[in-house]
$ cat upload-v9.cif   # mmCIF, C-alpha atoms and all ligand atoms
data_protein
loop_
_atom_site.label_atom_id
_atom_site.label_comp_id
_atom_site.auth_asym_id
_atom_site.auth_seq_id
_atom_site.Cartn_x
_atom_site.Cartn_y
_atom_site.Cartn_z
CA MET A 15 -8.30 -35.73 -7.58
CA GLU A 16 -9.15 -33.81 -4.41
CA ARG A 17 -7.56 -30.68 -5.86
CA MET A 18 -9.41 -31.15 -9.15
CA GLN A 19 -12.70 -31.30 -7.27
CA LYS A 20 -11.82 -28.10 -5.42
CA LEU A 21 -11.03 -26.34 -8.68
CA LEU A 22 -14.33 -27.45 -10.19
CA ILE A 23 -16.20 -26.30 -7.10
CA PHE A 24 -14.41 -22.94 -7.30
CA TYR A 25 -15.25 -22.35 -10.95
CA ILE A 26 -18.79 -23.71 -10.84
CA GLY A 27 -19.34 -21.86 -7.60
CA SER A 28 -21.50 -24.54 -6.04
CA GLU A 29 -19.69 -24.41 -2.72
CA LYS A 30 -18.25 -21.65 -0.54
CA MET A 31 -15.13 -20.05 -2.03
CA ARG A 32 -11.77 -20.97 -0.54
CA GLU A 33 -10.58 -18.57 2.19
CA VAL A 34 -7.12 -17.05 2.46
CA ALA A 35 -5.24 -16.08 5.62
CA ILE A 36 -2.19 -13.94 6.31
CA ILE A 37 0.00 -15.85 8.75
CA GLY A 38 3.31 -13.97 8.72
CA ILE A 39 4.59 -10.41 8.31
CA GLY A 40 8.02 -8.78 8.01
CA ILE A 41 9.32 -5.29 7.31
CA THR A 42 12.67 -3.49 7.21
CA LYS A 43 13.38 -0.02 8.50
CA PHE A 44 12.40 2.51 5.81
CA GLY A 45 14.73 5.40 4.94
CA GLU A 46 17.98 6.19 3.17
CA LEU A 47 19.63 2.81 3.58
CA TRP A 48 23.09 3.23 2.07
CA ASP A 49 24.52 0.23 3.89
CA LYS A 50 21.94 -2.30 2.67
CA SER A 51 21.65 -3.78 -0.81
CA PHE A 52 18.44 -4.73 -2.64
CA ARG A 53 19.21 -8.41 -1.84
CA HIS A 54 19.76 -7.67 1.86
CA LEU A 55 16.53 -5.74 2.18
CA ILE A 56 14.22 -8.28 0.57
CA ALA A 57 15.92 -11.20 2.35
CA GLU A 58 15.51 -9.39 5.69
CA ALA A 59 11.79 -8.69 5.17
CA GLY A 60 11.14 -12.16 3.73
CA SER A 61 12.96 -14.07 6.47
CA LYS A 62 11.14 -12.07 9.18
CA ALA A 63 7.77 -12.96 7.57
CA ILE A 64 8.67 -16.64 7.18
CA LEU A 65 9.90 -16.91 10.79
CA ASP A 66 6.77 -15.14 12.01
CA SER A 67 4.52 -17.56 10.07
CA GLY A 68 5.99 -20.84 11.28
CA ILE A 69 6.33 -22.28 7.75
CA GLY A 70 9.47 -23.90 6.41
CA GLY A 71 11.08 -23.05 3.05
CA THR A 72 9.78 -26.25 1.43
CA ASP A 73 6.17 -25.33 2.30
CA ILE A 74 6.28 -22.38 -0.11
CA ASP A 75 4.44 -22.94 -3.40
CA ALA A 76 5.17 -19.58 -5.03
CA MET A 77 6.51 -16.05 -4.53
CA TYR A 78 5.15 -12.76 -5.90
CA ILE A 79 7.32 -9.65 -5.71
CA GLY A 80 6.22 -6.07 -6.28
CA SER A 81 8.89 -3.73 -7.62
CA MET A 82 8.18 -0.68 -9.72
CA SER A 83 11.43 0.26 -11.37
CA SER A 84 14.43 -1.68 -10.12
CA GLY A 85 15.89 -1.46 -13.65
CA ARG A 86 16.19 2.30 -13.43
CA PHE A 87 16.85 2.62 -9.69
CA ILE A 88 19.58 -0.04 -9.35
CA GLY A 89 20.10 -1.36 -12.92
CA GLN A 90 18.57 -4.72 -12.03
CA GLU A 91 15.62 -6.40 -13.72
CA HIS A 92 14.61 -10.08 -13.45
CA VAL A 93 13.56 -9.40 -9.90
CA GLY A 94 11.36 -12.49 -9.32
CA ALA A 95 14.22 -14.95 -9.74
CA LEU A 96 16.66 -12.65 -7.93
CA VAL A 97 14.44 -12.57 -4.86
CA ALA A 98 13.99 -16.36 -4.83
CA ASP A 99 17.79 -16.66 -5.08
CA ALA A 100 18.47 -14.02 -2.40
CA SER A 101 16.05 -15.85 -0.11
CA GLY A 102 17.95 -19.13 -0.56
CA PHE A 103 15.21 -20.89 -2.55
CA SER A 104 16.78 -21.15 -6.01
CA HIS A 105 17.70 -24.82 -5.45
CA ILE A 106 14.05 -25.78 -4.91
CA HIS A 107 13.00 -23.83 -7.99
CA ILE A 108 10.01 -22.02 -6.47
CA PRO A 109 7.97 -20.13 -9.10
CA ALA A 110 8.80 -16.45 -8.51
CA THR A 111 6.98 -13.68 -10.35
CA ARG A 112 7.42 -9.92 -10.29
CA THR A 113 4.38 -7.63 -10.51
CA GLU A 114 4.49 -4.03 -11.77
CA GLY A 115 1.80 -1.36 -11.55
CA ALA A 116 3.87 1.72 -10.63
CA CYS A 117 3.40 2.57 -6.92
CA ALA A 118 0.72 -0.16 -6.73
CA SER A 119 3.22 -2.90 -7.62
CA GLY A 120 3.16 -4.23 -4.04
CA GLY A 121 -0.64 -4.27 -3.85
CA LEU A 122 -0.72 -6.19 -7.12
CA ALA A 123 1.69 -8.78 -5.69
CA VAL A 124 -0.64 -9.22 -2.70
CA ARG A 125 -3.62 -9.68 -5.01
CA GLU A 126 -1.85 -12.10 -7.38
CA GLY A 127 -0.73 -14.24 -4.43
CA TYR A 128 -4.24 -14.14 -3.00
CA LEU A 129 -5.83 -15.16 -6.33
CA SER A 130 -3.35 -18.00 -6.75
CA ILE A 131 -4.44 -19.50 -3.40
CA LEU A 132 -8.10 -18.85 -4.15
CA SER A 133 -7.72 -20.77 -7.41
CA GLY A 134 -6.56 -23.88 -5.57
CA ILE A 135 -3.21 -23.88 -7.40
CA ASN A 136 -1.16 -22.76 -4.37
CA ASP A 137 -1.55 -23.30 -0.62
CA VAL A 138 1.29 -21.18 0.76
CA VAL A 139 2.77 -18.11 -0.94
CA VAL A 140 5.26 -15.45 0.09
CA ILE A 141 4.62 -11.90 -1.08
CA GLY A 142 7.39 -9.32 -1.12
CA GLY A 143 7.60 -5.67 -2.07
CA ILE A 144 10.79 -3.69 -2.49
CA GLU A 145 12.32 -0.53 -3.90
CA LYS A 146 15.76 0.96 -3.43
CA MET A 147 15.34 4.52 -4.68
CA ASN A 148 18.20 6.49 -3.13
CA ASP A 149 21.05 4.94 -5.13
CA VAL A 150 20.23 7.49 -7.85
CA GLY A 151 20.08 11.27 -7.28
CA GLY A 152 16.84 13.16 -6.55
CA GLY A 153 16.41 14.39 -10.14
CA SER A 154 16.86 10.93 -11.54
CA ALA A 155 14.42 9.47 -8.97
CA THR A 156 11.82 12.05 -9.99
CA GLU A 157 12.36 11.19 -13.67
CA THR A 158 12.01 7.48 -12.95
CA LEU A 159 8.80 8.02 -10.96
CA ALA A 160 7.45 10.13 -13.83
CA THR A 161 7.68 7.09 -16.15
CA ALA A 162 4.45 5.99 -14.44
CA ALA A 163 2.71 9.14 -15.74
CA ASP A 164 1.70 9.47 -19.38
CA GLN A 165 4.88 10.24 -21.34
CA GLU A 166 3.20 11.96 -24.29
CA TRP A 167 0.64 14.02 -22.41
CA GLU A 168 2.26 14.66 -19.03
CA ALA A 169 5.93 13.81 -18.43
CA PHE A 170 7.02 15.27 -21.80
CA PHE A 171 5.67 18.64 -20.65
CA GLY A 172 7.45 18.43 -17.30
CA ALA A 173 4.45 17.32 -15.25
CA THR A 174 5.99 15.18 -12.49
CA PHE A 175 3.88 13.55 -9.75
CA PRO A 176 4.03 16.49 -7.33
CA ALA A 177 2.70 18.66 -10.19
CA LEU A 178 -0.09 16.21 -11.10
CA TYR A 179 -1.28 15.87 -7.51
CA ALA A 180 -1.03 19.66 -7.14
CA MET A 181 -3.56 19.94 -9.99
CA ILE A 182 -5.87 17.55 -8.13
CA ALA A 183 -5.41 19.61 -4.94
CA ASN A 184 -6.17 22.91 -6.68
CA ARG A 185 -9.31 21.45 -8.21
CA HIS A 186 -10.42 19.97 -4.87
CA MET A 187 -9.91 23.35 -3.18
CA HIS A 188 -11.87 25.07 -5.95
CA GLU A 189 -14.77 22.56 -6.00
CA TYR A 190 -15.16 21.82 -2.29
CA GLY A 191 -13.48 24.58 -0.34
CA THR A 192 -10.70 22.29 0.93
CA THR A 193 -7.91 24.43 2.38
CA LYS A 194 -4.13 24.33 2.46
CA GLU A 195 -4.54 23.94 6.22
CA ASN A 196 -6.52 20.71 5.64
CA LEU A 197 -3.55 19.38 3.66
CA ALA A 198 -1.23 20.38 6.51
CA GLN A 199 -3.51 18.58 8.99
CA VAL A 200 -3.00 15.32 7.08
CA ALA A 201 0.79 15.78 7.23
CA VAL A 202 0.75 16.63 10.96
CA LYS A 203 -1.41 13.58 11.78
CA ASN A 204 0.73 11.20 9.73
CA HIS A 205 4.00 12.51 11.19
CA ALA A 206 2.50 12.10 14.70
CA ASN A 207 1.74 8.46 13.87
CA GLY A 208 5.13 7.91 12.20
CA ALA A 209 6.84 9.24 15.34
CA LYS A 210 5.42 6.14 17.07
CA ASN A 211 6.64 3.71 14.38
CA PRO A 212 10.23 2.47 14.78
CA TYR A 213 10.33 1.42 11.10
CA ALA A 214 9.31 4.85 9.73
CA GLN A 215 11.67 7.05 7.71
CA TYR A 216 10.69 10.22 9.60
CA GLN A 217 10.03 9.48 13.27
CA ARG A 218 9.36 13.09 14.17
CA GLU A 219 6.29 15.19 14.79
CA ILE A 220 5.71 18.38 12.83
CA THR A 221 3.48 21.39 13.45
CA ILE A 222 0.77 22.95 11.28
CA GLU A 223 3.00 26.03 10.91
CA GLN A 224 5.93 23.92 9.67
CA ALA A 225 3.71 22.12 7.17
CA MET A 226 2.07 25.34 5.93
CA ASN A 227 5.41 27.14 5.56
CA ALA A 228 7.55 24.31 4.14
CA SER A 229 9.47 24.96 0.91
CA PRO A 230 7.08 25.05 -2.05
CA VAL A 231 7.20 22.06 -4.41
CA ALA A 232 4.16 22.56 -6.69
CA TYR A 233 1.45 24.90 -5.36
CA PRO A 234 -0.37 24.19 -3.07
CA LEU A 235 1.95 21.29 -2.16
CA GLY A 236 5.07 22.00 -0.14
CA LEU A 237 7.86 19.69 1.02
CA LEU A 238 5.76 18.41 3.94
CA ASP A 239 2.83 17.53 1.68
CA CYS A 240 4.99 15.02 -0.20
CA SER A 241 5.98 11.45 0.54
CA PRO A 242 9.77 11.10 0.43
CA VAL A 243 12.18 9.05 -1.69
CA THR A 244 12.72 5.82 0.28
CA ASP A 245 14.57 2.50 0.41
CA GLY A 246 12.78 -0.43 2.06
CA ALA A 247 11.10 -3.80 1.78
CA ALA A 248 8.14 -5.63 3.28
CA ALA A 249 6.84 -9.21 3.08
CA ILE A 250 3.88 -11.33 4.11
CA VAL A 251 3.12 -15.06 4.12
CA MET A 252 -0.33 -16.13 2.93
CA CYS A 253 -1.91 -19.52 3.31
CA ALA A 254 -5.15 -21.32 2.48
CA ALA A 255 -7.19 -20.60 5.62
CA ASP A 256 -8.08 -24.25 6.24
CA LYS A 257 -4.35 -25.07 6.48
CA ALA A 258 -3.26 -22.03 8.49
CA LYS A 259 -3.71 -23.60 11.96
CA LYS A 260 -0.95 -26.06 11.06
CA TYR A 261 1.53 -23.18 11.25
CA THR A 262 0.22 -20.53 13.65
CA ASP A 263 -2.63 -19.25 15.83
CA LYS A 264 -2.16 -15.68 14.62
CA ILE A 265 -4.58 -15.76 11.70
CA ILE A 266 -5.89 -12.74 9.83
CA LYS A 267 -8.28 -13.46 6.95
CA ILE A 268 -8.48 -11.55 3.69
CA ILE A 269 -12.22 -11.06 3.23
CA GLY A 270 -12.17 -8.80 0.19
CA SER A 271 -9.85 -7.96 -2.68
CA GLY A 272 -10.45 -5.50 -5.49
CA GLN A 273 -8.54 -3.89 -8.33
CA GLY A 274 -9.36 -1.15 -10.82
CA SER A 275 -7.77 0.80 -13.64
CA ASP A 276 -8.31 4.20 -15.28
CA THR A 277 -6.83 6.48 -17.94
CA LEU A 278 -3.09 6.97 -17.56
CA PRO A 279 -3.20 10.77 -17.93
CA LEU A 280 -5.38 12.88 -15.68
CA HIS A 281 -7.09 14.80 -18.49
CA GLY A 282 -9.09 11.74 -19.65
CA ARG A 283 -10.89 11.39 -16.32
CA ARG A 284 -14.53 12.23 -15.69
CA ASP A 285 -13.42 14.14 -12.58
CA ILE A 286 -9.80 14.56 -11.52
CA CYS A 287 -10.75 14.72 -7.83
CA THR A 288 -12.17 11.18 -7.92
CA LEU A 289 -9.98 8.14 -8.47
CA ASP A 290 -12.53 5.91 -10.18
CA ALA A 291 -10.04 3.02 -10.11
CA THR A 292 -10.24 3.22 -6.31
CA VAL A 293 -14.04 3.50 -6.32
CA HIS A 294 -14.17 0.36 -8.50
CA ALA A 295 -11.59 -1.61 -6.48
CA ALA A 296 -13.31 -0.70 -3.20
CA LYS A 297 -16.75 -1.75 -4.49
CA MET A 298 -15.33 -5.13 -5.52
CA ALA A 299 -13.70 -5.65 -2.14
CA TYR A 300 -16.71 -4.51 -0.08
CA LYS A 301 -19.03 -6.72 -2.16
CA GLN A 302 -16.82 -9.77 -1.73
CA GLY A 303 -16.52 -9.17 2.01
CA ASN A 304 -20.25 -8.41 2.24
CA ILE A 305 -19.46 -5.30 4.27
CA LYS A 306 -19.94 -1.51 4.11
CA PRO A 307 -17.36 1.27 4.50
CA SER A 308 -18.77 1.94 7.99
CA ASP A 309 -17.70 -1.59 9.05
CA ILE A 310 -14.01 -0.68 8.62
CA ASP A 311 -12.16 0.01 11.90
CA LEU A 312 -8.94 1.40 10.38
CA ALA A 313 -7.36 2.01 6.99
CA GLU A 314 -3.93 2.44 5.47
CA VAL A 315 -4.51 4.65 2.42
CA HIS A 316 -2.19 5.81 -0.34
CA ASP A 317 -1.13 9.30 0.85
CA CYS A 318 1.70 9.84 -1.65
CA PHE A 319 0.68 13.50 -1.28
CA THR A 320 -1.58 14.91 1.44
CA ILE A 321 -4.38 15.59 -1.07
CA ALA A 322 -4.31 11.90 -2.04
CA GLU A 323 -5.38 10.91 1.49
CA ILE A 324 -8.30 13.36 1.35
CA CYS A 325 -9.44 11.93 -2.03
CA ALA A 326 -8.90 8.36 -0.78
CA ILE A 327 -11.17 8.62 2.25
CA GLU A 328 -13.86 9.98 -0.05
CA ASP A 329 -13.37 7.41 -2.83
CA LEU A 330 -13.35 4.53 -0.33
CA GLY A 331 -16.75 5.71 0.89
CA PHE A 332 -15.71 6.71 4.42
CA VAL A 333 -17.02 10.25 3.87
CA LYS A 334 -19.03 11.95 1.11
CA LYS A 335 -17.23 13.42 -1.92
CA GLY A 336 -15.85 16.82 -1.00
CA GLU A 337 -15.95 16.21 2.76
CA GLY A 338 -12.47 14.70 3.14
CA GLY A 339 -10.88 18.00 4.22
CA LYS A 340 -13.57 18.55 6.83
CA ALA A 341 -13.16 14.98 8.15
CA VAL A 342 -9.44 15.58 8.68
CA GLU A 343 -10.16 18.91 10.37
CA GLU A 344 -12.64 17.17 12.71
CA LYS A 345 -9.90 14.63 13.64
CA ILE A 346 -11.99 11.63 12.56
CA THR A 347 -8.86 10.02 11.10
CA THR A 348 -6.44 10.46 14.03
CA LEU A 349 -5.30 7.52 16.21
CA ASN A 350 -8.15 8.30 18.66
CA GLY A 351 -10.67 9.19 15.98
CA THR A 352 -13.64 7.09 14.86
CA LEU A 353 -11.72 5.89 11.76
CA PRO A 354 -7.93 5.97 12.26
CA VAL A 355 -6.18 6.38 8.90
CA ASN A 356 -2.50 5.67 8.27
CA THR A 357 -1.60 4.61 11.79
CA SER A 358 1.83 3.57 10.44
CA GLY A 359 2.60 7.20 9.52
CA GLY A 360 1.47 6.57 5.95
CA LEU A 361 3.63 7.13 2.92
CA LYS A 362 4.16 10.69 4.16
CA SER A 363 6.09 9.81 7.29
CA LYS A 364 6.78 6.07 7.18
CA GLY A 365 8.19 6.58 3.67
CA HIS A 366 7.28 5.37 0.17
CA PRO A 367 9.63 2.77 -1.35
CA VAL A 368 7.23 2.49 -4.24
CA GLY A 369 7.23 -1.29 -4.90
CA ALA A 370 7.15 -2.08 -1.16
CA THR A 371 4.33 0.27 -0.14
CA GLY A 372 1.33 -1.96 -0.94
CA VAL A 373 2.82 -4.83 1.06
CA ALA A 374 3.88 -2.56 3.94
CA GLN A 375 0.30 -1.28 4.23
CA VAL A 376 -0.93 -4.86 4.71
CA VAL A 377 1.82 -5.43 7.31
CA GLU A 378 0.51 -2.45 9.33
CA ILE A 379 -3.12 -3.61 9.16
CA VAL A 380 -2.12 -7.10 10.31
CA LYS A 381 -0.07 -5.62 13.20
CA GLN A 382 -3.06 -3.56 14.31
CA LEU A 383 -5.52 -6.47 13.99
CA ARG A 384 -3.17 -8.68 16.02
CA GLY A 385 -2.76 -5.95 18.67
CA GLU A 386 0.98 -5.67 17.96
CA ALA A 387 1.21 -2.00 16.92
CA GLU A 388 2.75 -0.92 20.24
CA LYS A 389 2.57 2.85 20.88
CA ARG A 390 0.24 3.42 17.94
CA GLN A 391 -2.11 0.50 18.69
CA ILE A 392 -5.77 1.42 18.32
CA LYS A 393 -8.45 -0.10 20.55
CA ASP A 394 -9.61 -3.58 19.59
CA PRO A 395 -9.89 -3.32 15.77
CA LYS A 396 -11.63 -6.16 13.91
CA ILE A 397 -11.59 -5.12 10.24
CA GLY A 398 -8.89 -3.13 8.40
CA LEU A 399 -8.49 -1.92 4.82
CA ALA A 400 -5.34 -1.34 2.73
CA HIS A 401 -5.49 0.93 -0.33
CA ASN A 402 -2.61 1.17 -2.81
CA VAL A 403 -2.52 3.45 -5.88
CA GLY A 404 -0.32 3.45 -8.99
CA GLY A 405 0.61 6.81 -10.56
CA SER A 406 -2.11 9.43 -10.36
CA GLY A 407 -4.77 6.73 -10.07
CA ALA A 408 -4.55 4.59 -13.21
CA THR A 409 -4.21 1.50 -10.99
CA SER A 410 -5.76 0.91 -7.61
CA VAL A 411 -5.82 -2.12 -5.33
CA VAL A 412 -7.88 -2.58 -2.16
CA HIS A 413 -7.66 -5.40 0.40
CA ILE A 414 -9.88 -5.90 3.44
CA MET A 415 -8.68 -8.01 6.36
CA GLU A 416 -10.46 -9.37 9.41
CA VAL A 417 -9.40 -11.00 12.66
CA GLU A 418 -10.41 -14.66 12.58
N1 LIG B 1 8.97 14.89 3.90
C1 LIG B 1 9.68 15.37 4.95
N2 LIG B 1 10.99 15.70 4.86
C2 LIG B 1 11.59 15.52 3.67
C3 LIG B 1 10.91 15.01 2.55
C4 LIG B 1 9.54 14.70 2.70
N3 LIG B 1 8.85 14.24 1.67
N4 LIG B 1 11.77 14.92 1.50
C5 LIG B 1 12.94 15.36 1.97
N5 LIG B 1 12.84 15.71 3.26
C6 LIG B 1 13.88 16.29 4.10
C7 LIG B 1 15.19 15.52 4.02
O1 LIG B 1 15.28 14.57 5.06
C8 LIG B 1 16.20 16.62 4.20
O2 LIG B 1 16.29 16.94 5.58
P1 LIG B 1 17.71 17.26 6.25
O3 LIG B 1 18.23 18.46 5.51
O4 LIG B 1 17.35 17.50 7.68
O5 LIG B 1 18.53 16.03 6.01
C9 LIG B 1 15.57 17.81 3.49
O6 LIG B 1 14.16 17.58 3.55
C10 LIG B 1 16.01 17.98 2.06
O7 LIG B 1 15.99 16.71 1.44
P2 LIG B 1 16.22 16.49 -0.10
O8 LIG B 1 16.39 15.01 -0.31
O9 LIG B 1 17.28 17.42 -0.59
O10 LIG B 1 14.83 16.93 -0.69
P3 LIG B 1 14.49 17.14 -2.18
O11 LIG B 1 14.16 18.58 -2.33
O12 LIG B 1 15.54 16.56 -3.07
O13 LIG B 1 13.20 16.23 -2.35
C11 LIG B 1 10.86 16.09 -2.67
C12 LIG B 1 11.99 16.61 -1.79
C13 LIG B 1 9.54 16.43 -2.04
C14 LIG B 1 10.92 16.74 -4.06
C15 LIG B 1 11.01 14.53 -2.83
O14 LIG B 1 10.90 13.94 -1.55
C16 LIG B 1 9.98 13.96 -3.76
O15 LIG B 1 10.14 13.97 -4.97
N6 LIG B 1 8.89 13.42 -3.21
C17 LIG B 1 7.82 12.82 -4.03
C18 LIG B 1 8.11 11.40 -4.36
C19 LIG B 1 7.10 10.87 -5.33
O16 LIG B 1 6.70 11.53 -6.28
N7 LIG B 1 6.67 9.63 -5.15
C20 LIG B 1 5.70 8.98 -6.02
C21 LIG B 1 4.36 9.43 -5.67
S1 LIG B 1 3.13 9.00 -6.87
#
$ encode --input "upload-v9.cif" --output "structure tokens"
Amino acid sequence: MERMQKLLIFYIGSEKMREVAIIGIGITKFGELWDKSFRHLIAEAGSKAILDSGIGGTDIDAMYIGSMSSGRFIGQEHVGALVADASGFSHIHIPATRTEGACASGGLAVREGYLSILSGINDVVVIGGIEKMNDVGGGSATETLATAADQEWEAFFGATFPALYAMIANRHMHEYGTTKENLAQVAVKNHANGAKNPYAQYQREITIEQAMNASPVAYPLGLLDCSPVTDGAAAIVMCAADKAKKYTDKIIKIIGSGQGSDTLPLHGRRDICTLDATVHAAKMAYKQGNIKPSDIDLAEVHDCFTIAEICAIEDLGFVKKGEGGKAVEEKITTLNGTLPVNTSGGLKSKGHPVGATGVAQVVEIVKQLRGEAEKRQIKDPKIGLAHNVGGSGATSVVHIMEVE
């Protein structure tokens, strides 16, 4: 009866909406993890998050798992049930659902879990994200990633993701005067942050010269403009905020959640330098949180290629369209800048296990908001944003989190 009343209140909207808190986080090392299986990785991330949260297995109402292409990467589909089983929960028959939205699969899992608590159906959910990409060769990984592009209009003609983002970069340079050096500045910043993250794939700094002169991939993008091919998993535990104190004092609230979609191929877009799915998702999240972009203290954005970070800070409203390159040049987005971006090292340096990325971004924001980001901790952040993109921008998910 009590639950029924809550549902009615939610739908009729006559009382304040339910609030959702993140109470536990877990992540594995990212990299080429030959000695760890898919099962091992997700169980490691999940058990870390559950231990961190203080919940017990029987408290869990549901699981949501983001994985982009486990069928092609490791020959395994049916990932929801597999993860429940690998986590030791098959005997209690927890509902376990996989989400897929290319590289935004993890962000979608976060949002589905969040919505399920908001609806009143669930009180405690575990969200996981995972990809094991290195079990296939580089060519095969590229082909698998390209399944998230439009097959008829893009992949069929050999346009892989580096090529698609290179087109965006060329257009951005042409329209706004963004330079190859601006792209290199993103890579240098993110490697500097990744060097401070013990879970990152590449824990090494690079120089502007190295980034500018790296082997060409698709002009203007070179090797050091690209996120790598990565194995890894991340997990979080979410709980109805009014029940969170039962488990922990470390409570971070989700104050905004948004999602958007767009044309699958780039050519259908109004402007290829703007990811309208991100603009839409961000507007939804800001509106729900009743905040403005200038209220955000730090952001993890989807830098699958360096140009993607420049577009993201524009599309999220942190700077005007066309001024992303300049903002990077002015060091606004460094650890000591006014808006630190990708403190984890981002996809560029931390790595990009595609299904795990959206969850890993939330893990980093929660670490920063709790003051647990060690050498890369920024000063006293209150509000953080995570931004996860699928493909060249056909799916976008934004979450905003705040210290309670
Ligand atoms: N950043 C930094 N270093 C990288 C790297 C990257 N993105 N990718 C590879 N390396 C390093 C490797 O560690 C290796 O170093 P080592 O010789 O010291 O061991 C060296 O470069 C060569 O690695 P290799 O795996 O042979 O590179 P590759 O040429 O096969 O792959 C890319 C490089 C850029 C093509 C590949 O990382 C890629 O496809 N990235 C994009 C992934 C993608 O599209 N994701 C989806 C986004 S929407």
$ residues_near_point --input "upload-v9.cif" --point "(0.9, 23.0, -5.0)" --cutoff "9 Å" --atoms "all atoms listed in the file" --output "tab-separated table (two decimals) with C-alpha atoms, in the coordinates of the input"
chain	number	residue	atom	x	y	z
A	176	PRO	CA	4.03	16.49	-7.33
A	177	ALA	CA	2.70	18.66	-10.19
A	179	TYR	CA	-1.28	15.87	-7.51
A	180	ALA	CA	-1.03	19.66	-7.14
A	181	MET	CA	-3.56	19.94	-9.99
A	183	ALA	CA	-5.41	19.61	-4.94
A	184	ASN	CA	-6.17	22.91	-6.68
A	230	PRO	CA	7.08	25.05	-2.05
A	231	VAL	CA	7.20	22.06	-4.41
A	232	ALA	CA	4.16	22.56	-6.69
A	233	TYR	CA	1.45	24.90	-5.36
A	234	PRO	CA	-0.37	24.19	-3.07
A	235	LEU	CA	1.95	21.29	-2.16
A	236	GLY	CA	5.07	22.00	-0.14
A	239	ASP	CA	2.83	17.53	1.68
$ residues_near_ligand --input "upload-v9.cif" --ligand "ligand LIG 1 (chain B)" --cutoff "6 Å" --atoms "only C-alpha atoms and all ligand atoms" --output "list in words"
Gly152, Thr156, Leu159, Phe175, Pro176, Leu237, Leu238, Cys240, Ser241, Pro242, Val243, Cys318 and Gly405 of chain A
$ closest_residue --input "upload-v9.cif" --among "A:Ile141, A:Ile88, A:Met252, A:Leu330" --to "A:Ala370" --atoms "only C-alpha atoms"
A:Ile141
$ closest_residue --input "upload-v9.cif" --among "A:Ser67, A:Asn211, A:Thr193, A:Thr158" --to "A:Ile265" --atoms "all atoms listed in the file"
A:Ser67
$ closest_residue --input "upload-v9.cif" --among "A:Ile268, A:Val150, A:Ala374, A:Ile327" --to "A:Glu46" --atoms "all atoms listed in the file"
A:Val150
$ decode --input "upload-v9.cif" --residues "stretch 128-166 of chain A" --atoms "C-alpha atoms" --output "compact mmCIF listing (two decimals), in the first residue's frame"
# COMPACT_ATOMS: atom_id res chain seq x y z
CA TYR A 128 18.43 5.37 -11.63
CA LEU A 129 14.99 5.41 -13.31
CA SER A 130 14.09 2.08 -11.71
CA ILE A 131 14.68 3.56 -8.22
CA LEU A 132 12.93 6.79 -9.13
CA SER A 133 9.88 4.78 -10.19
CA GLY A 134 9.58 3.22 -6.74
CA ILE A 135 10.01 -0.30 -8.14
CA ASN A 136 13.55 -0.79 -6.75
CA ASP A 137 15.32 0.52 -3.65
CA VAL A 138 18.85 -0.84 -4.17
CA VAL A 139 20.44 -1.58 -7.55
CA VAL A 140 23.92 -2.55 -8.68
CA ILE A 141 25.16 -1.09 -11.96
CA GLY A 142 28.06 -2.65 -13.83
CA GLY A 143 29.90 -1.85 -17.03
CA ILE A 144 32.38 -4.11 -18.77
CA GLU A 145 34.23 -4.79 -21.99
CA LYS A 146 37.06 -7.17 -22.75
CA MET A 147 38.36 -5.93 -26.10
CA ASN A 148 41.89 -7.30 -26.39
CA ASP A 149 41.00 -10.98 -26.84
CA VAL A 150 40.56 -10.19 -30.55
CA GLY A 151 43.24 -8.56 -32.73
CA GLY A 152 43.39 -4.81 -33.43
CA GLY A 153 41.76 -5.10 -36.88
CA SER A 154 38.90 -7.14 -35.51
CA ALA A 155 38.42 -4.71 -32.60
CA THR A 156 38.23 -1.81 -35.06
CA GLU A 157 35.66 -3.72 -37.15
CA THR A 158 33.59 -4.48 -34.06
CA LEU A 159 33.67 -0.85 -32.92
CA ALA A 160 32.61 0.21 -36.43
CA THR A 161 29.35 -1.77 -36.03
CA ALA A 162 28.21 1.23 -33.96
CA ALA A 163 28.60 3.46 -37.03
CA ASP A 164 26.09 3.36 -39.88
CA GLN A 165 26.86 0.22 -41.90
CA GLU A 166 25.35 1.40 -45.18
